[in-house]
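Reviewing the structure listed below.
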Amino acid sequence: MEERSTAEPGSGPVTGPETGPDTVIATRALTKRYRGGQLAVDGLDLAVPAGSVFGFLGPNGSGKTTTIRMLMGLIEPTSGTARVLGQPMPRATRTVLPQVGALIEGPALYGFLSGRDNLLRYDSADPTADPRTRRTRVEVALDRVGLTAAASKKAKAYSLGMKQRLGLAAALLQPRRLLVLDEPTNGLDPQGMREIRSLVRELASDGTTVFLSSHLLDEIEQVCTHAAVMAQGRLITQGPVSELAAGARGRLVVTTPDPGDAARVLKEQGVADVVVTEDRVTGEPPDDRDLAEVNAALVSAGVRVRGFGLERASLEDAFVALTGEGFDVAG
Ligand SMILES: Nc1ncnc2c1ncn2[C@@H]1O[C@H](COP(=O)(O)OP(=O)(O)OP(=O)(O)O)[C@@H](O)[C@H]1O
């Protein structure tokens with residue numbers, strides 16, 4: 001099926017890369033080949049609009065961390081360019097990074113210090129931070145991530161979720177135009193994931209652009225306004241999450257007390273990948289047939305149809321349609 005063929009890099013069905021004052025991150029043909037020869041990022045054109053919660057989605061090893069490292073000026077690209085907050089990276093690292101809060105590969109914390117003392121230490125390491133307002137800044141940051149009650153506990157006694165929240169608090173000590181979070185919910189239990197996700201939504205609601213990487217499709221659907229999908233170092237597509245999902249066709253869903261007969265008729269009508277679960281029969285709608293005809297065929301074959309419709313496509317459907325592969329959700 002031609003829908004399942006791999007798209008050219010950067011030629012997703014939605015919007016192409018744009019640059020301008022409203023683009024917080026913009027890359028052009030950004031490429032990284034590691035010394036061992038591994039092509040980790042291949043010709044990436046990324047455009048992250050200001051004010052978005054931008055999900056950078058891809059299975060493990062697809063090049064997300066490598067891209068983030070280049071964006072933050074931690075490693076040099078092999079070729080191509082990256083602009084963050086309008087400035088070229090890594091050249092402008094020193095002016096850009098103070099405006100960016102980053103949480104990459106888990107926060108570096110001192111376990112023997114309390115959560116509060118860790119933040120005081122972070123703040124004092126920042127030469128631009130006024131020592132007279134340090135305590136207030138730290139208390140506000142603790143409050144923001146919901147750690148005030150646990151602020152005196154040693155960080156080593158924190159759960160992983162609390163450590164991530166403390167890392168976020170450190171990133172929030174100064175007002176930021178951009179937050180970059182690399183797999184912020186990785187390793188967390190469902191409760192910890194919920195906490196971080198709602199925190200991200202809250203942070204975004206005051207206008208901060210959030211760029212977060214994840215290998216979890218449902219996380220991106222729940223939290224992000226925009227997304228870019230990576231596979232094997234290449235950009236598969238990018239754009240508003242609602243449009244990405246809409247780019248894929250939804251599945252046909254028939255509810256019936258006669259699922260066996262319904263499945264047979266649907267196959268005859270050209271419906272592919274027919275799956276029966278109790279009284280629900282689903283499948284890929286045929287390209288060359290009006291769905292009204294498919295419904296009529298069911299009815300005239302004596303199938304009692306209780307429900308007939310298209311289920312909204314998910315980002316996962318879009319990913320499968322674009323790459324021809326299933327998305328390894330467990331990562
Ligand atoms: N320092 C390095 N030297 C050589 N190869 C590397 C290095 N770092 C990463 N790679 C390789 O580059 C590719 C992309 O890795 P990267 O860590 O960017 O992916 P990722 O999408 O962030 O995945 P993960 O979520 O597992 O970190 C992988 O094949 C990886 O093995």
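Note on naming: chains are A, B, ... as they come in the structure tokens, residues start from 1 per chain, ligands start from 1 in the order shown.
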
Given only C-alpha atoms and all ligand atoms, how would the per-residue table for chain A near ligand 1 read, listing every residue at most 9 Å away with its closest atom pair and distance in Å to one decimal, sorted by chain and number, as a Markdown table?
```
| residue | atom | partner | partner_atom_place_in_ligand_line | distance |
| --- | --- | --- | --- | --- |
| A:Lys32 | CA | ligand 1 | 12 (O) | 8.6 |
| A:Arg33 | CA | ligand 1 | 5 (N) | 7.9 |
| A:Tyr34 | CA | ligand 1 | 4 (C) | 4.9 |
| A:Arg35 | CA | ligand 1 | 4 (C) | 6.5 |
| A:Gly36 | CA | ligand 1 | 4 (C) | 5.8 |
| A:Gly37 | CA | ligand 1 | 4 (C) | 7.5 |
| A:Gln38 | CA | ligand 1 | 5 (N) | 5.4 |
| A:Leu39 | CA | ligand 1 | 12 (O) | 6.6 |
| A:Ala40 | CA | ligand 1 | 12 (O) | 4.0 |
| A:Val41 | CA | ligand 1 | 14 (C) | 7.0 |
| A:Leu57 | CA | ligand 1 | 21 (O) | 8.2 |
| A:Gly58 | CA | ligand 1 | 21 (O) | 6.0 |
| A:Pro59 | CA | ligand 1 | 21 (O) | 6.0 |
| A:Asn60 | CA | ligand 1 | 26 (O) | 3.7 |
| A:Gly61 | CA | ligand 1 | 19 (O) | 3.4 |
| A:Ser62 | CA | ligand 1 | 21 (O) | 3.7 |
| A:Gly63 | CA | ligand 1 | 18 (O) | 3.2 |
| A:Lys64 | CA | ligand 1 | 22 (O) | 3.8 |
| A:Thr65 | CA | ligand 1 | 22 (O) | 3.5 |
| A:Thr66 | CA | ligand 1 | 18 (O) | 3.6 |
| A:Thr67 | CA | ligand 1 | 18 (O) | 6.4 |
| A:Ile68 | CA | ligand 1 | 18 (O) | 8.0 |
| A:Arg69 | CA | ligand 1 | 18 (O) | 8.4 |
| A:Glu105 | CA | ligand 1 | 27 (O) | 8.6 |
| A:Asp182 | CA | ligand 1 | 22 (O) | 8.1 |
| A:Glu183 | CA | ligand 1 | 25 (O) | 7.3 |
| A:Ser213 | CA | ligand 1 | 22 (O) | 8.0 |
| A:Ser214 | CA | ligand 1 | 25 (O) | 7.5 |
| A:His215 | CA | ligand 1 | 25 (O) | 6.9 |
| A:Met230 | CA | ligand 1 | 21 (O) | 7.9 |
| A:Ala231 | CA | ligand 1 | 21 (O) | 8.2 |
| A:Gln232 | CA | ligand 1 | 14 (C) | 7.5 |
| A:Gly233 | CA | ligand 1 | 14 (C) | 6.7 |
| A:Gly331 | CA | ligand 1 | 25 (O) | 8.3 |
```

>> Run DSSP on the backbone and tell me which residues of region 174-275 of chain A come out as alpha helix (DSSP H); list them as a PyMOL selection string.
In response: chain A and resi 190-205+217-223+241-246+259-268

> Hey, what's within 8 Å of Lys156 (chain A) if we count only C-alpha atoms and toss same-chain stuff fewer than 4 positions away? As JSON, numbers by chain, please?
Replying inline: {"A": [110, 111, 112]}

> Quick one, how far is CA of Leu97 (chain A) from CA of Leu85 (chain A)?
Replying inline: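 Computing the Euclidean distance for CA of Leu97 (chain A) and CA of Leu85 (chain A) yields 9.7 Å.
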
> Of the candidates A:Lys163, A:Arg176, A:Arg304, A:Arg144, which shows the shortest atom-to-atom distance to Leu199 (chain A), using only C-alpha atoms?
Replying inline: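 That would be A:Arg144, the residue with the smallest distance to Leu199 (chain A).
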
Which residues of region 45-113 of chain A come within 9 Å of region 170-174 of chain A, and what is each one's closest atom pair and distance in Å (one decimal), counting only C-alpha atoms, sorted by chain and residue number, as CSV?
```
residue,atom,partner,partner_atom,distance
A:Pro98,CA,A:Gln174,CA,8.3
A:Gln99,CA,A:Gln174,CA,8.0
A:Val100,CA,A:Ala171,CA,8.0
A:Gly101,CA,A:Ala171,CA,4.4
A:Ala102,CA,A:Ala171,CA,5.9
A:Leu103,CA,A:Ala171,CA,7.0
A:Pro107,CA,A:Ala170,CA,8.7
```

Would you mind exporting N, CA and C atoms of the selected residues as an mmCIF file, in the first residue's frame?
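The file below, part10.cif, is the result:
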```cif
data_model
loop_
_atom_site.group_PDB
_atom_site.id
_atom_site.type_symbol
_atom_site.label_atom_id
_atom_site.label_comp_id
_atom_site.auth_asym_id
_atom_site.auth_seq_id
_atom_site.Cartn_x
_atom_site.Cartn_y
_atom_site.Cartn_z
ATOM 1 N N PRO A 98 21.866 30.513 29.122
ATOM 2 C CA PRO A 98 21.208 31.102 30.305
ATOM 3 C C PRO A 98 19.700 31.308 30.138
ATOM 4 N N GLN A 99 19.228 31.306 28.889
ATOM 5 C CA GLN A 99 17.783 31.486 28.671
ATOM 6 C C GLN A 99 17.054 30.152 28.521
ATOM 7 N N VAL A 100 17.817 29.067 28.638
ATOM 8 C CA VAL A 100 17.242 27.736 28.425
ATOM 9 C C VAL A 100 17.372 26.912 29.699
ATOM 10 N N GLY A 101 16.268 26.318 30.134
ATOM 11 C CA GLY A 101 16.321 25.371 31.246
ATOM 12 C C GLY A 101 16.400 23.984 30.656
ATOM 13 N N ALA A 102 17.404 23.215 31.056
ATOM 14 C CA ALA A 102 17.559 21.896 30.423
ATOM 15 C C ALA A 102 17.603 20.795 31.468
ATOM 16 N N LEU A 103 16.983 19.681 31.125
ATOM 17 C CA LEU A 103 17.036 18.488 31.966
ATOM 18 C C LEU A 103 17.398 17.341 31.037
ATOM 19 N N PRO A 107 18.885 14.612 36.356
ATOM 20 C CA PRO A 107 19.576 15.729 36.995
ATOM 21 C C PRO A 107 20.787 15.248 37.797
#
```

>> Give me the residues near Thr81 (chain A) as JSON, numbers by chain, where near means some atom within 8 Å (using only C-alpha atoms) and where sequence neighbours in that chain fewer than 6 positions away do not count.
In response: {"A": [27, 28, 29, 30, 88, 89]}

Do a neighbour search on Leu298 (chain A) at 9 Å with only C-alpha atoms, toss out local chain neighbours closer than 3 positions, and write the hits as an mmCIF file with N, CA and C atoms, in the first residue's frame.
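Final output, saved to part12.cif:
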```
data_model
loop_
_atom_site.group_PDB
_atom_site.id
_atom_site.type_symbol
_atom_site.label_atom_id
_atom_site.label_comp_id
_atom_site.auth_asym_id
_atom_site.auth_seq_id
_atom_site.Cartn_x
_atom_site.Cartn_y
_atom_site.Cartn_z
ATOM 1 N N ASP A 261 -19.902 -13.113 10.627
ATOM 2 C CA ASP A 261 -20.440 -12.768 9.304
ATOM 3 C C ASP A 261 -19.946 -11.388 8.878
ATOM 4 N N ALA A 262 -19.921 -10.471 9.846
ATOM 5 C CA ALA A 262 -19.480 -9.109 9.522
ATOM 6 C C ALA A 262 -18.048 -9.129 9.003
ATOM 7 N N VAL A 265 -17.964 -10.401 5.393
ATOM 8 C CA VAL A 265 -18.468 -9.421 4.412
ATOM 9 C C VAL A 265 -17.469 -8.270 4.257
ATOM 10 N N LEU A 266 -16.916 -7.821 5.366
ATOM 11 C CA LEU A 266 -15.965 -6.701 5.287
ATOM 12 C C LEU A 266 -14.773 -7.079 4.415
ATOM 13 N N GLU A 293 -21.566 2.081 0.885
ATOM 14 C CA GLU A 293 -21.722 0.805 0.157
ATOM 15 C C GLU A 293 -21.331 -0.370 1.037
ATOM 16 N N VAL A 294 -20.251 -0.176 1.800
ATOM 17 C CA VAL A 294 -19.790 -1.246 2.699
ATOM 18 C C VAL A 294 -20.877 -1.533 3.728
ATOM 19 N N ASN A 295 -21.459 -0.485 4.256
ATOM 20 C CA ASN A 295 -22.534 -0.631 5.247
ATOM 21 C C ASN A 295 -23.729 -1.358 4.616
ATOM 22 N N ALA A 301 -26.424 -8.589 3.636
ATOM 23 C CA ALA A 301 -25.987 -9.957 3.959
ATOM 24 C C ALA A 301 -26.625 -10.441 5.261
ATOM 25 N N GLY A 302 -27.498 -9.634 5.840
ATOM 26 C CA GLY A 302 -28.203 -10.038 7.062
ATOM 27 C C GLY A 302 -27.432 -9.771 8.344
ATOM 28 N N VAL A 303 -26.335 -9.021 8.258
ATOM 29 C CA VAL A 303 -25.573 -8.683 9.477
ATOM 30 C C VAL A 303 -26.324 -7.580 10.220
ATOM 31 N N ARG A 304 -26.565 -7.823 11.519
ATOM 32 C CA ARG A 304 -27.271 -6.798 12.300
ATOM 33 C C ARG A 304 -26.247 -5.756 12.777
ATOM 34 N N VAL A 305 -26.301 -4.596 12.201
ATOM 35 C CA VAL A 305 -25.294 -3.556 12.489
ATOM 36 C C VAL A 305 -25.815 -2.622 13.576
#
```

>> Could you list, as a list in words, every residue within 9 Å of Asp287 (chain A), counting only C-alpha atoms and ignoring same-chain residues fewer than 3 positions away?
In response: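 Residues near the query, excluding close chain neighbours: Gly270, Val271, Glu284 and Asp290 of chain A.
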
>> Would you compute the distance between CA of Leu244 (chain A) and CA of Leu315 (chain A)? Give it in Å to one decimal.
In response: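 Atom-to-atom, CA of Leu244 (chain A) to CA of Leu315 (chain A), that is 6.6 Å.
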
>> Could you check the closest approach to Ala26 (chain A) for each of A:Met72, A:Gly192, A:Ala263, A:Gly86 and tell me which residue wins, using only C-alpha atoms?
In response: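 Smallest distance to Ala26 (chain A) is found for A:Gly86.
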
> Which of region 108-318 of chain A counts as strand (DSSP E) under DSSP, as a ChimeraX atom specification please?
Replying inline: /A:178-182,209-214,226-231,234-240,251-255,272-277,280-284,307-311

>> Can you measure CA of Thr78 (chain A) to CA of Leu44 (chain A) for me? One decimal in Å is fine.
In response: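 These two atoms are separated by 11.9 Å.
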
> Hey, which of A:Arg197, A:Thr95, A:Pro285, A:Leu113 ends up closest to Tyr158 (chain A)? Count only C-alpha atoms.
Replying inline: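 Nearest to Tyr158 (chain A): A:Leu113.
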
> For Gly80 (chain A), which residue among A:Val241, A:Leu181, A:Ala157, A:Leu46 is the nearest when counting only C-alpha atoms?
Replying inline: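 Nearest candidate to Gly80 (chain A) out of A:Val241, A:Leu181, A:Ala157, A:Leu46: A:Leu46.
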
>> So, with only C-alpha atoms as the atoms that count, which of A:Leu291, A:Val200, A:Ala227, A:Leu109 lies closest to Gly239 (chain A)?
In response: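 Nearest candidate to Gly239 (chain A) out of A:Leu291, A:Val200, A:Ala227, A:Leu109: A:Ala227.
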
Extract, using only C-alpha atoms, all DNA, RNA and protein residues at most 6 Å from Val254 (chain A), discarding same-chain residues fewer than 3 positions from it, and format them as a PDB file with C-alpha atoms, in the first residue's frame.
```pdb
ATOM      1  CA  ARG A 280     -16.454  -5.215  17.556  1.00  0.00           C
ATOM      2  CA  VAL A 281     -15.009  -5.773  14.123  1.00  0.00           C
ATOM      3  CA  GLY A 307     -22.662   0.729  15.105  1.00  0.00           C
ATOM      4  CA  PHE A 308     -20.712   1.706  12.000  1.00  0.00           C
TER       5      PHE A 308
END
```
